[in-house]
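A.B. asks: To be precise about what I am sending: the file is called my_file_12.cif and holds mmCIF, N, CA, C and O atoms.
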data_data
loop_
_atom_site.label_atom_id
_atom_site.label_comp_id
_atom_site.auth_asym_id
_atom_site.auth_seq_id
_atom_site.Cartn_x
_atom_site.Cartn_y
_atom_site.Cartn_z
N MET Q 1 -17.76 5.37 -32.96
CA MET Q 1 -17.28 4.32 -32.07
C MET Q 1 -18.47 3.53 -31.57
O MET Q 1 -19.52 4.08 -31.25
N SER Q 2 -18.31 2.24 -31.48
CA SER Q 2 -19.40 1.38 -31.06
C SER Q 2 -18.92 0.45 -29.96
O SER Q 2 -17.83 -0.08 -30.02
N ALA Q 3 -19.76 0.27 -28.96
CA ALA Q 3 -19.44 -0.68 -27.90
C ALA Q 3 -20.07 -2.04 -28.19
O ALA Q 3 -20.01 -2.93 -27.38
N GLU Q 4 -20.69 -2.18 -29.34
CA GLU Q 4 -21.33 -3.43 -29.72
C GLU Q 4 -20.27 -4.48 -30.01
O GLU Q 4 -19.24 -4.17 -30.60
N PRO Q 5 -20.51 -5.73 -29.62
CA PRO Q 5 -19.56 -6.79 -29.96
C PRO Q 5 -19.34 -6.85 -31.46
O PRO Q 5 -20.29 -6.78 -32.24
N GLY Q 6 -18.11 -6.90 -31.86
CA GLY Q 6 -17.78 -6.97 -33.27
C GLY Q 6 -17.81 -5.63 -33.97
O GLY Q 6 -17.47 -5.52 -35.14
N GLY Q 7 -18.22 -4.57 -33.25
CA GLY Q 7 -18.26 -3.23 -33.82
C GLY Q 7 -16.86 -2.65 -33.91
O GLY Q 7 -15.90 -3.22 -33.41
N PRO Q 8 -16.73 -1.50 -34.54
CA PRO Q 8 -15.41 -0.89 -34.65
C PRO Q 8 -14.87 -0.47 -33.30
O PRO Q 8 -15.62 -0.07 -32.43
N ARG Q 9 -13.58 -0.66 -33.13
CA ARG Q 9 -12.93 -0.25 -31.89
C ARG Q 9 -12.20 1.06 -32.14
O ARG Q 9 -11.69 1.29 -33.23
N PRO Q 10 -12.19 1.94 -31.16
CA PRO Q 10 -11.50 3.21 -31.34
C PRO Q 10 -10.01 3.00 -31.50
O PRO Q 10 -9.44 2.06 -30.96
N ALA Q 11 -9.38 3.86 -32.26
CA ALA Q 11 -7.93 3.77 -32.45
C ALA Q 11 -7.26 4.51 -31.30
O ALA Q 11 -7.45 5.69 -31.11
N ALA Q 12 -6.51 3.80 -30.51
CA ALA Q 12 -5.77 4.40 -29.40
C ALA Q 12 -4.60 3.51 -29.06
O ALA Q 12 -4.64 2.31 -29.30
N GLY Q 13 -3.58 4.08 -28.50
CA GLY Q 13 -2.39 3.31 -28.18
C GLY Q 13 -2.28 3.00 -26.70
O GLY Q 13 -1.23 3.21 -26.11
N PHE Q 14 -3.34 2.51 -26.09
CA PHE Q 14 -3.30 2.18 -24.68
C PHE Q 14 -2.80 0.76 -24.47
O PHE Q 14 -3.26 -0.16 -25.15
N PRO Q 15 -1.88 0.56 -23.53
CA PRO Q 15 -1.40 -0.80 -23.25
C PRO Q 15 -2.51 -1.66 -22.62
O PRO Q 15 -3.41 -1.14 -21.96
N GLU Q 16 -2.43 -2.96 -22.88
CA GLU Q 16 -3.46 -3.89 -22.42
C GLU Q 16 -3.67 -3.85 -20.91
O GLU Q 16 -4.80 -3.92 -20.43
N ASP Q 17 -2.58 -3.74 -20.14
CA ASP Q 17 -2.75 -3.74 -18.68
C ASP Q 17 -3.47 -2.49 -18.20
O ASP Q 17 -4.24 -2.53 -17.24
N LEU Q 18 -3.26 -1.36 -18.87
CA LEU Q 18 -3.96 -0.12 -18.52
C LEU Q 18 -5.44 -0.23 -18.86
O LEU Q 18 -6.30 0.18 -18.07
N VAL Q 19 -5.75 -0.83 -20.00
CA VAL Q 19 -7.14 -1.04 -20.39
C VAL Q 19 -7.82 -1.97 -19.39
O VAL Q 19 -8.95 -1.72 -18.94
N ALA Q 20 -7.14 -3.03 -18.98
CA ALA Q 20 -7.69 -3.97 -18.00
C ALA Q 20 -7.94 -3.28 -16.66
O ALA Q 20 -8.96 -3.53 -16.00
N LEU Q 21 -7.03 -2.41 -16.24
CA LEU Q 21 -7.23 -1.65 -15.01
C LEU Q 21 -8.47 -0.77 -15.11
O LEU Q 21 -9.27 -0.70 -14.17
N GLN Q 22 -8.62 -0.09 -16.25
CA GLN Q 22 -9.79 0.78 -16.43
C GLN Q 22 -11.07 -0.05 -16.44
O GLN Q 22 -12.08 0.37 -15.87
N GLN Q 23 -11.05 -1.21 -17.06
CA GLN Q 23 -12.24 -2.06 -17.07
C GLN Q 23 -12.59 -2.52 -15.66
O GLN Q 23 -13.76 -2.55 -15.29
N ARG Q 24 -11.59 -2.85 -14.87
CA ARG Q 24 -11.84 -3.24 -13.47
C ARG Q 24 -12.40 -2.06 -12.70
O ARG Q 24 -13.35 -2.20 -11.92
N TRP Q 25 -11.83 -0.86 -12.90
CA TRP Q 25 -12.32 0.34 -12.23
C TRP Q 25 -13.81 0.55 -12.56
O TRP Q 25 -14.61 0.83 -11.67
N THR Q 26 -14.17 0.40 -13.83
CA THR Q 26 -15.56 0.61 -14.24
C THR Q 26 -16.48 -0.42 -13.60
O THR Q 26 -17.57 -0.09 -13.14
N ARG Q 27 -16.05 -1.70 -13.56
CA ARG Q 27 -16.87 -2.73 -12.93
C ARG Q 27 -17.10 -2.41 -11.45
O ARG Q 27 -18.22 -2.52 -10.94
N ILE Q 28 -16.04 -2.00 -10.74
CA ILE Q 28 -16.17 -1.65 -9.31
C ILE Q 28 -17.07 -0.43 -9.16
O ILE Q 28 -17.95 -0.39 -8.29
N PHE Q 29 -16.86 0.59 -10.00
CA PHE Q 29 -17.68 1.80 -9.95
C PHE Q 29 -19.16 1.46 -10.15
O PHE Q 29 -20.02 1.95 -9.42
N ASN Q 30 -19.44 0.60 -11.12
CA ASN Q 30 -20.82 0.21 -11.40
C ASN Q 30 -21.43 -0.57 -10.24
O ASN Q 30 -22.60 -0.38 -9.90
N ARG Q 31 -20.64 -1.43 -9.62
CA ARG Q 31 -21.13 -2.16 -8.44
C ARG Q 31 -21.43 -1.18 -7.32
O ARG Q 31 -22.43 -1.31 -6.63
N LEU Q 32 -20.55 -0.20 -7.14
CA LEU Q 32 -20.76 0.80 -6.09
C LEU Q 32 -21.99 1.65 -6.38
O LEU Q 32 -22.77 1.95 -5.48
N ALA Q 33 -22.19 2.02 -7.64
CA ALA Q 33 -23.38 2.81 -8.01
C ALA Q 33 -24.65 2.03 -7.71
O ALA Q 33 -25.63 2.59 -7.24
N GLY Q 34 -24.63 0.74 -7.96
CA GLY Q 34 -25.79 -0.09 -7.67
C GLY Q 34 -25.99 -0.33 -6.19
O GLY Q 34 -27.11 -0.51 -5.72
N ALA Q 35 -24.89 -0.28 -5.43
CA ALA Q 35 -24.97 -0.52 -3.99
C ALA Q 35 -25.36 0.73 -3.21
O ALA Q 35 -25.72 0.64 -2.05
N SER Q 36 -25.31 1.91 -3.85
CA SER Q 36 -25.55 3.15 -3.12
C SER Q 36 -26.94 3.20 -2.51
O SER Q 36 -27.14 3.78 -1.45
N ALA Q 37 -27.91 2.59 -3.16
CA ALA Q 37 -29.28 2.60 -2.64
C ALA Q 37 -29.41 1.71 -1.41
O ALA Q 37 -30.25 1.96 -0.56
N THR Q 38 -28.58 0.69 -1.32
CA THR Q 38 -28.68 -0.24 -0.19
C THR Q 38 -27.74 0.10 0.94
O THR Q 38 -27.78 -0.52 1.99
N GLY Q 39 -26.87 1.10 0.73
CA GLY Q 39 -25.92 1.50 1.77
C GLY Q 39 -24.68 0.64 1.72
O GLY Q 39 -24.53 -0.25 0.89
N GLY Q 40 -23.76 0.93 2.61
CA GLY Q 40 -22.51 0.18 2.65
C GLY Q 40 -21.61 0.56 1.50
O GLY Q 40 -21.64 1.67 0.99
N GLY Q 41 -20.79 -0.36 1.08
CA GLY Q 41 -19.91 -0.13 -0.05
C GLY Q 41 -18.53 0.37 0.31
O GLY Q 41 -17.78 0.79 -0.58
N HIS Q 42 -18.18 0.35 1.61
CA HIS Q 42 -16.86 0.84 2.03
C HIS Q 42 -15.73 0.12 1.29
O HIS Q 42 -14.80 0.77 0.78
N GLU Q 43 -15.80 -1.20 1.21
CA GLU Q 43 -14.74 -1.96 0.54
C GLU Q 43 -14.66 -1.60 -0.93
O GLU Q 43 -13.56 -1.51 -1.49
N LEU Q 44 -15.81 -1.39 -1.56
CA LEU Q 44 -15.82 -1.01 -2.98
C LEU Q 44 -15.19 0.37 -3.16
O LEU Q 44 -14.42 0.59 -4.10
N ARG Q 45 -15.50 1.32 -2.28
CA ARG Q 45 -14.89 2.65 -2.37
C ARG Q 45 -13.38 2.59 -2.19
O ARG Q 45 -12.63 3.27 -2.90
N MET Q 46 -12.93 1.77 -1.27
CA MET Q 46 -11.48 1.63 -1.04
C MET Q 46 -10.80 1.01 -2.26
O MET Q 46 -9.72 1.46 -2.67
N GLU Q 47 -11.41 0.01 -2.86
CA GLU Q 47 -10.86 -0.61 -4.07
C GLU Q 47 -10.84 0.39 -5.22
O GLU Q 47 -9.89 0.46 -5.99
N LEU Q 48 -11.88 1.20 -5.33
CA LEU Q 48 -11.95 2.23 -6.37
C LEU Q 48 -10.81 3.24 -6.19
O LEU Q 48 -10.17 3.64 -7.17
N LEU Q 49 -10.54 3.63 -4.97
CA LEU Q 49 -9.42 4.55 -4.71
C LEU Q 49 -8.09 3.92 -5.08
O LEU Q 49 -7.23 4.58 -5.70
N ARG Q 50 -7.89 2.66 -4.72
CA ARG Q 50 -6.64 1.97 -5.07
C ARG Q 50 -6.46 1.89 -6.58
O ARG Q 50 -5.37 2.15 -7.11
N LEU Q 51 -7.53 1.53 -7.28
CA LEU Q 51 -7.46 1.43 -8.74
C LEU Q 51 -7.24 2.80 -9.38
O LEU Q 51 -6.50 2.92 -10.36
N SER Q 52 -7.85 3.85 -8.83
CA SER Q 52 -7.65 5.20 -9.35
C SER Q 52 -6.19 5.60 -9.24
O SER Q 52 -5.63 6.19 -10.19
N LEU Q 53 -5.56 5.30 -8.13
CA LEU Q 53 -4.14 5.61 -7.96
C LEU Q 53 -3.30 4.85 -8.98
O LEU Q 53 -2.41 5.43 -9.61
N ARG Q 54 -3.59 3.58 -9.16
CA ARG Q 54 -2.84 2.78 -10.14
C ARG Q 54 -3.04 3.30 -11.56
O ARG Q 54 -2.09 3.34 -12.35
N LEU Q 55 -4.26 3.71 -11.88
CA LEU Q 55 -4.54 4.26 -13.21
C LEU Q 55 -3.77 5.56 -13.43
O LEU Q 55 -3.15 5.76 -14.47
N ASP Q 56 -3.83 6.45 -12.45
CA ASP Q 56 -3.22 7.77 -12.61
C ASP Q 56 -1.70 7.74 -12.59
O ASP Q 56 -1.06 8.65 -13.12
N THR Q 57 -1.11 6.72 -12.00
CA THR Q 57 0.36 6.64 -11.92
C THR Q 57 0.93 5.58 -12.85
O THR Q 57 2.12 5.24 -12.75
N HIS Q 58 0.12 5.06 -13.76
CA HIS Q 58 0.59 4.03 -14.69
C HIS Q 58 1.73 4.59 -15.54
O HIS Q 58 1.68 5.75 -15.98
N PRO Q 59 2.77 3.81 -15.81
CA PRO Q 59 3.90 4.27 -16.61
C PRO Q 59 3.53 4.78 -18.00
O PRO Q 59 4.26 5.59 -18.58
N HIS Q 60 2.40 4.36 -18.54
CA HIS Q 60 1.96 4.81 -19.86
C HIS Q 60 1.90 6.34 -19.94
O HIS Q 60 2.28 6.93 -20.95
N TRP Q 61 1.43 6.97 -18.87
CA TRP Q 61 1.25 8.42 -18.91
C TRP Q 61 2.58 9.16 -19.01
O TRP Q 61 2.63 10.27 -19.55
N ALA Q 62 3.66 8.55 -18.53
CA ALA Q 62 4.98 9.19 -18.63
C ALA Q 62 5.52 9.14 -20.05
O ALA Q 62 6.32 9.98 -20.45
N THR Q 63 5.05 8.17 -20.83
CA THR Q 63 5.55 8.02 -22.20
C THR Q 63 4.54 8.48 -23.24
O THR Q 63 4.88 8.60 -24.41
N ALA Q 64 3.30 8.74 -22.82
CA ALA Q 64 2.26 9.18 -23.75
C ALA Q 64 2.61 10.58 -24.26
O ALA Q 64 3.18 11.39 -23.54
N GLU Q 65 2.24 10.85 -25.50
CA GLU Q 65 2.56 12.13 -26.13
C GLU Q 65 2.08 13.32 -25.29
O GLU Q 65 2.81 14.26 -25.04
N ALA Q 66 0.83 13.27 -24.85
CA ALA Q 66 0.28 14.39 -24.09
C ALA Q 66 0.37 14.17 -22.58
O ALA Q 66 0.04 15.05 -21.81
N GLY Q 67 0.80 12.98 -22.15
CA GLY Q 67 0.83 12.68 -20.73
C GLY Q 67 -0.57 12.50 -20.17
O GLY Q 67 -1.55 12.39 -20.90
N TRP Q 68 -0.66 12.50 -18.82
CA TRP Q 68 -1.95 12.32 -18.17
C TRP Q 68 -2.75 13.60 -18.28
O TRP Q 68 -2.24 14.70 -18.12
N SER Q 69 -4.04 13.45 -18.55
CA SER Q 69 -4.98 14.57 -18.55
C SER Q 69 -6.38 13.99 -18.37
O SER Q 69 -6.59 12.79 -18.59
N ARG Q 70 -7.32 14.82 -17.99
CA ARG Q 70 -8.71 14.36 -17.86
C ARG Q 70 -9.20 13.86 -19.22
O ARG Q 70 -9.88 12.85 -19.33
N LYS Q 71 -8.83 14.57 -20.30
CA LYS Q 71 -9.23 14.16 -21.64
C LYS Q 71 -8.68 12.77 -21.98
O LYS Q 71 -9.40 11.91 -22.50
N ALA Q 72 -7.40 12.54 -21.65
CA ALA Q 72 -6.79 11.23 -21.93
C ALA Q 72 -7.46 10.13 -21.11
O ALA Q 72 -7.69 9.03 -21.61
N ARG Q 73 -7.81 10.42 -19.85
CA ARG Q 73 -8.50 9.43 -19.02
C ARG Q 73 -9.88 9.12 -19.60
O ARG Q 73 -10.33 7.97 -19.60
N ASN Q 74 -10.58 10.15 -20.10
CA ASN Q 74 -11.88 9.93 -20.73
C ASN Q 74 -11.75 9.07 -21.98
O ASN Q 74 -12.58 8.21 -22.24
N GLU Q 75 -10.69 9.32 -22.77
CA GLU Q 75 -10.45 8.51 -23.96
C GLU Q 75 -10.18 7.06 -23.56
O GLU Q 75 -10.67 6.13 -24.20
N LEU Q 76 -9.39 6.87 -22.50
CA LEU Q 76 -9.12 5.52 -22.00
C LEU Q 76 -10.42 4.85 -21.58
O LEU Q 76 -10.66 3.69 -21.90
N GLN Q 77 -11.27 5.58 -20.88
CA GLN Q 77 -12.53 5.01 -20.43
C GLN Q 77 -13.40 4.58 -21.61
O GLN Q 77 -13.96 3.48 -21.61
N ARG Q 78 -13.51 5.43 -22.63
CA ARG Q 78 -14.29 5.06 -23.82
C ARG Q 78 -13.68 3.85 -24.51
O ARG Q 78 -14.39 2.95 -24.95
N TYR Q 79 -12.36 3.85 -24.64
CA TYR Q 79 -11.67 2.74 -25.30
C TYR Q 79 -11.91 1.44 -24.53
O TYR Q 79 -12.23 0.41 -25.12
N ALA Q 80 -11.75 1.49 -23.21
CA ALA Q 80 -11.91 0.29 -22.39
C ALA Q 80 -13.35 -0.22 -22.44
O ALA Q 80 -13.57 -1.43 -22.41
N SER Q 81 -14.32 0.69 -22.52
CA SER Q 81 -15.73 0.27 -22.61
C SER Q 81 -15.99 -0.47 -23.91
O SER Q 81 -16.75 -1.43 -23.94
N ALA Q 82 -15.36 -0.01 -24.99
CA ALA Q 82 -15.58 -0.62 -26.30
C ALA Q 82 -14.74 -1.87 -26.53
O ALA Q 82 -15.07 -2.69 -27.38
N ALA Q 83 -13.68 -2.04 -25.75
CA ALA Q 83 -12.79 -3.19 -25.91
C ALA Q 83 -13.47 -4.46 -25.40
O ALA Q 83 -14.40 -4.39 -24.59
N PRO Q 84 -13.03 -5.62 -25.87
CA PRO Q 84 -13.59 -6.88 -25.37
C PRO Q 84 -13.53 -6.94 -23.85
O PRO Q 84 -12.51 -6.61 -23.25
N GLY Q 85 -14.64 -7.31 -23.23
CA GLY Q 85 -14.71 -7.39 -21.78
C GLY Q 85 -15.10 -6.09 -21.11
O GLY Q 85 -15.27 -6.03 -19.90
N GLY Q 86 -15.25 -5.03 -21.89
CA GLY Q 86 -15.59 -3.73 -21.33
C GLY Q 86 -17.08 -3.58 -21.09
O GLY Q 86 -17.90 -4.34 -21.62
N GLU Q 87 -17.42 -2.62 -20.26
CA GLU Q 87 -18.82 -2.28 -20.02
C GLU Q 87 -18.93 -0.78 -19.83
O GLU Q 87 -17.97 -0.12 -19.45
N GLU Q 88 -20.11 -0.26 -20.13
CA GLU Q 88 -20.35 1.17 -20.01
C GLU Q 88 -20.43 1.57 -18.54
O GLU Q 88 -21.01 0.86 -17.72
N GLN Q 89 -19.87 2.72 -18.22
CA GLN Q 89 -19.94 3.22 -16.85
C GLN Q 89 -21.34 3.73 -16.56
O GLN Q 89 -21.94 4.43 -17.37
N LEU Q 90 -21.88 3.36 -15.40
CA LEU Q 90 -23.19 3.82 -14.99
C LEU Q 90 -23.12 5.25 -14.47
O LEU Q 90 -22.05 5.73 -14.07
N VAL Q 91 -24.25 5.91 -14.47
CA VAL Q 91 -24.38 7.26 -13.94
C VAL Q 91 -25.44 7.21 -12.85
O VAL Q 91 -26.50 6.60 -13.04
N SER Q 92 -25.16 7.83 -11.71
CA SER Q 92 -26.14 7.88 -10.63
C SER Q 92 -27.02 9.11 -10.79
O SER Q 92 -26.51 10.21 -11.01
N LEU Q 93 -28.33 8.90 -10.71
CA LEU Q 93 -29.29 9.98 -10.83
C LEU Q 93 -30.24 9.96 -9.64
O LEU Q 93 -30.49 8.90 -9.06
N CYS Q 94 -30.75 11.11 -9.29
CA CYS Q 94 -31.80 11.20 -8.27
C CYS Q 94 -33.12 11.33 -9.00
O CYS Q 94 -33.35 12.30 -9.73
N VAL Q 95 -33.99 10.34 -8.84
CA VAL Q 95 -35.30 10.33 -9.50
C VAL Q 95 -36.36 10.13 -8.43
O VAL Q 95 -36.35 9.12 -7.72
N ASP Q 96 -37.24 11.11 -8.31
CA ASP Q 96 -38.31 11.04 -7.30
C ASP Q 96 -37.76 10.76 -5.91
O ASP Q 96 -38.31 9.96 -5.15
N GLY Q 97 -36.64 11.39 -5.58
CA GLY Q 97 -36.05 11.24 -4.26
C GLY Q 97 -35.26 9.95 -4.05
O GLY Q 97 -34.78 9.69 -2.96
N ARG Q 98 -35.13 9.14 -5.09
CA ARG Q 98 -34.36 7.89 -5.00
C ARG Q 98 -33.13 8.01 -5.87
O ARG Q 98 -33.17 8.62 -6.93
N ILE Q 99 -32.03 7.41 -5.43
CA ILE Q 99 -30.81 7.35 -6.23
C ILE Q 99 -30.87 6.08 -7.06
O ILE Q 99 -31.06 4.99 -6.53
N ILE Q 100 -30.75 6.24 -8.38
CA ILE Q 100 -30.73 5.09 -9.27
C ILE Q 100 -29.48 5.16 -10.15
O ILE Q 100 -28.92 6.23 -10.36
N ALA Q 101 -29.04 4.02 -10.62
CA ALA Q 101 -27.89 3.94 -11.52
C ALA Q 101 -28.39 3.51 -12.90
O ALA Q 101 -29.12 2.52 -13.02
N VAL Q 102 -28.01 4.29 -13.92
CA VAL Q 102 -28.43 3.99 -15.28
C VAL Q 102 -27.21 4.08 -16.20
O VAL Q 102 -26.23 4.74 -15.86
N PRO Q 103 -27.26 3.44 -17.37
CA PRO Q 103 -26.16 3.60 -18.32
C PRO Q 103 -25.99 5.06 -18.70
O PRO Q 103 -26.97 5.82 -18.76
N GLY Q 104 -24.76 5.48 -18.95
CA GLY Q 104 -24.48 6.86 -19.30
C GLY Q 104 -25.26 7.34 -20.49
O GLY Q 104 -25.72 8.48 -20.55
N GLU Q 105 -25.46 6.47 -21.46
CA GLU Q 105 -26.22 6.81 -22.67
C GLU Q 105 -27.66 7.16 -22.31
O GLU Q 105 -28.23 8.12 -22.82
N ALA Q 106 -28.26 6.41 -21.40
CA ALA Q 106 -29.63 6.68 -20.99
C ALA Q 106 -29.71 8.00 -20.23
O ALA Q 106 -30.67 8.75 -20.38
N ALA Q 107 -28.70 8.31 -19.45
CA ALA Q 107 -28.68 9.56 -18.69
C ALA Q 107 -28.57 10.75 -19.64
O ALA Q 107 -29.24 11.76 -19.43
N SER Q 108 -27.78 10.62 -20.69
CA SER Q 108 -27.64 11.74 -21.63
C SER Q 108 -28.92 11.94 -22.43
O SER Q 108 -29.31 13.06 -22.73
N ARG Q 109 -29.61 10.86 -22.77
CA ARG Q 109 -30.91 10.99 -23.46
C ARG Q 109 -31.92 11.66 -22.55
O ARG Q 109 -32.72 12.46 -22.99
N ARG Q 110 -31.87 11.34 -21.27
CA ARG Q 110 -32.81 11.90 -20.30
C ARG Q 110 -32.64 13.41 -20.23
O ARG Q 110 -33.60 14.15 -20.11
N GLY Q 111 -31.41 13.88 -20.33
CA GLY Q 111 -31.13 15.31 -20.27
C GLY Q 111 -31.54 16.04 -21.52
O GLY Q 111 -31.72 17.26 -21.51
N ASP Q 112 -31.70 15.33 -22.64
CA ASP Q 112 -32.07 15.97 -23.90
C ASP Q 112 -33.55 16.30 -23.96
O ASP Q 112 -33.97 17.16 -24.72
N GLY Q 113 -34.37 15.56 -23.20
CA GLY Q 113 -35.81 15.71 -23.32
C GLY Q 113 -36.31 16.78 -22.51
O GLY Q 113 -36.83 17.77 -22.58
#
For the file at hand, write its structure as structure tokens.
C.D. replies:
Amino acid sequence: MSAEPGGPRPAAGFPEDLVALQQRWTRIFNRLAGASATGGGHELRMELLRLSLRLDTHPHWATAEAGWSRKARNELQRYASAAPGGEEQLVSLCVDGRIIAVPGEAASRRGDG
């Protein structure tokens, strides 16, 4: 699977509105991760909670073969990241006593070394 523009998209049967919700959730999450060092972010956290509720209660999960699960949500997240308009979710790390936000891929490489 590739998140590169024009790259292959994962095969999944997620409805467009659910993908759009996940993409919005990721954008808000990434903004919040970047704001953690500067403090604040109450409005972003509240929006993230609202979007999480909408994601978890979306009608798709009632009709999906396996229903809602952490695995299905992770698949949705990967699919939404690779879909047009998607972005990779950032990961917050503590480096030298500072909280920084990096792409998930960079965080996984950091753990390998």
A.B. asks: Could you please write out, as a VMD selection string, every residue of range 35-102 of chain Q that DSSP assigns to helix (DSSP H, G or I)?
C.D. replies: chain Q and resid 35 42 to 56 60 to 63 70 to 82
A.B. asks: Point out the residue among Q:Leu18, Q:Val95, Q:Leu32, Q:Leu76 with the least atom-to-atom distance to His58 in chain Q, counting all atoms listed in the file.
C.D. replies: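 So, comparing all the options, the nearest one is Q:Leu18.
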A.B. asks: What lies within 7 Å of range 48-56 of chain Q using only N, CA, C and O atoms, ignoring chain neighbours under 4 positions off, as an mmCIF file with N, CA, C and O atoms, keeping the file's coordinate frame?
C.D. replies:
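Wrote result.cif, looks like this:
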data_model
loop_
_atom_site.group_PDB
_atom_site.id
_atom_site.type_symbol
_atom_site.label_atom_id
_atom_site.label_comp_id
_atom_site.auth_asym_id
_atom_site.auth_seq_id
_atom_site.Cartn_x
_atom_site.Cartn_y
_atom_site.Cartn_z
ATOM 1 N N LEU Q 18 -3.260 -1.360 -18.870
ATOM 2 C CA LEU Q 18 -3.960 -0.120 -18.520
ATOM 3 C C LEU Q 18 -5.440 -0.230 -18.860
ATOM 4 O O LEU Q 18 -6.300 0.180 -18.070
ATOM 5 N N LEU Q 21 -7.030 -2.410 -16.240
ATOM 6 C CA LEU Q 21 -7.230 -1.650 -15.010
ATOM 7 C C LEU Q 21 -8.470 -0.770 -15.110
ATOM 8 O O LEU Q 21 -9.270 -0.700 -14.170
ATOM 9 N N GLN Q 22 -8.620 -0.090 -16.250
ATOM 10 C CA GLN Q 22 -9.790 0.780 -16.430
ATOM 11 C C GLN Q 22 -11.070 -0.050 -16.440
ATOM 12 O O GLN Q 22 -12.080 0.370 -15.870
ATOM 13 N N TRP Q 25 -11.830 -0.860 -12.900
ATOM 14 C CA TRP Q 25 -12.320 0.340 -12.230
ATOM 15 C C TRP Q 25 -13.810 0.550 -12.560
ATOM 16 O O TRP Q 25 -14.610 0.830 -11.670
ATOM 17 N N ILE Q 28 -16.040 -2.000 -10.740
ATOM 18 C CA ILE Q 28 -16.170 -1.650 -9.310
ATOM 19 C C ILE Q 28 -17.070 -0.430 -9.160
ATOM 20 O O ILE Q 28 -17.950 -0.390 -8.290
ATOM 21 N N PHE Q 29 -16.860 0.590 -10.000
ATOM 22 C CA PHE Q 29 -17.680 1.800 -9.950
ATOM 23 C C PHE Q 29 -19.160 1.460 -10.150
ATOM 24 O O PHE Q 29 -20.020 1.950 -9.420
ATOM 25 N N HIS Q 42 -18.180 0.350 1.610
ATOM 26 C CA HIS Q 42 -16.860 0.840 2.030
ATOM 27 C C HIS Q 42 -15.730 0.120 1.290
ATOM 28 O O HIS Q 42 -14.800 0.770 0.780
ATOM 29 N N GLU Q 43 -15.800 -1.200 1.210
ATOM 30 C CA GLU Q 43 -14.740 -1.960 0.540
ATOM 31 C C GLU Q 43 -14.660 -1.600 -0.930
ATOM 32 O O GLU Q 43 -13.560 -1.510 -1.490
ATOM 33 N N LEU Q 44 -15.810 -1.390 -1.560
ATOM 34 C CA LEU Q 44 -15.820 -1.010 -2.980
ATOM 35 C C LEU Q 44 -15.190 0.370 -3.160
ATOM 36 O O LEU Q 44 -14.420 0.590 -4.100
ATOM 37 N N TRP Q 61 1.430 6.970 -18.870
ATOM 38 C CA TRP Q 61 1.250 8.420 -18.910
ATOM 39 C C TRP Q 61 2.580 9.160 -19.010
ATOM 40 O O TRP Q 61 2.630 10.270 -19.550
ATOM 41 N N TRP Q 68 -0.660 12.500 -18.820
ATOM 42 C CA TRP Q 68 -1.950 12.320 -18.170
ATOM 43 C C TRP Q 68 -2.750 13.600 -18.280
ATOM 44 O O TRP Q 68 -2.240 14.700 -18.120
#
A.B. asks: Selected by the PyMOL selection byres (((chain Q and resi 30 and name CA) around 12) and name CA) in the shown coordinates: which residues, as a ChimeraX atom specification?
C.D. replies: /Q:23-29,31-36,41,44-45,48,86-92,100-104
A.B. asks: Go ahead and compute the interatomic distance for atom C of Gly13 in chain Q and atom O of Met46 in chain Q, in Å to one decimal.
C.D. replies: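 That distance, rounded to one decimal, is 25.2 Å.
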A.B. asks: Hey, can you check how far CA of Gly97 in chain Q sits from CA of Gly40 in chain Q?
C.D. replies: 18.8 Å
A.B. asks: Mind pulling up the distance from atom O of Ala62 in chain Q to atom N of Ser81 in chain Q?
C.D. replies: 22.7 Å
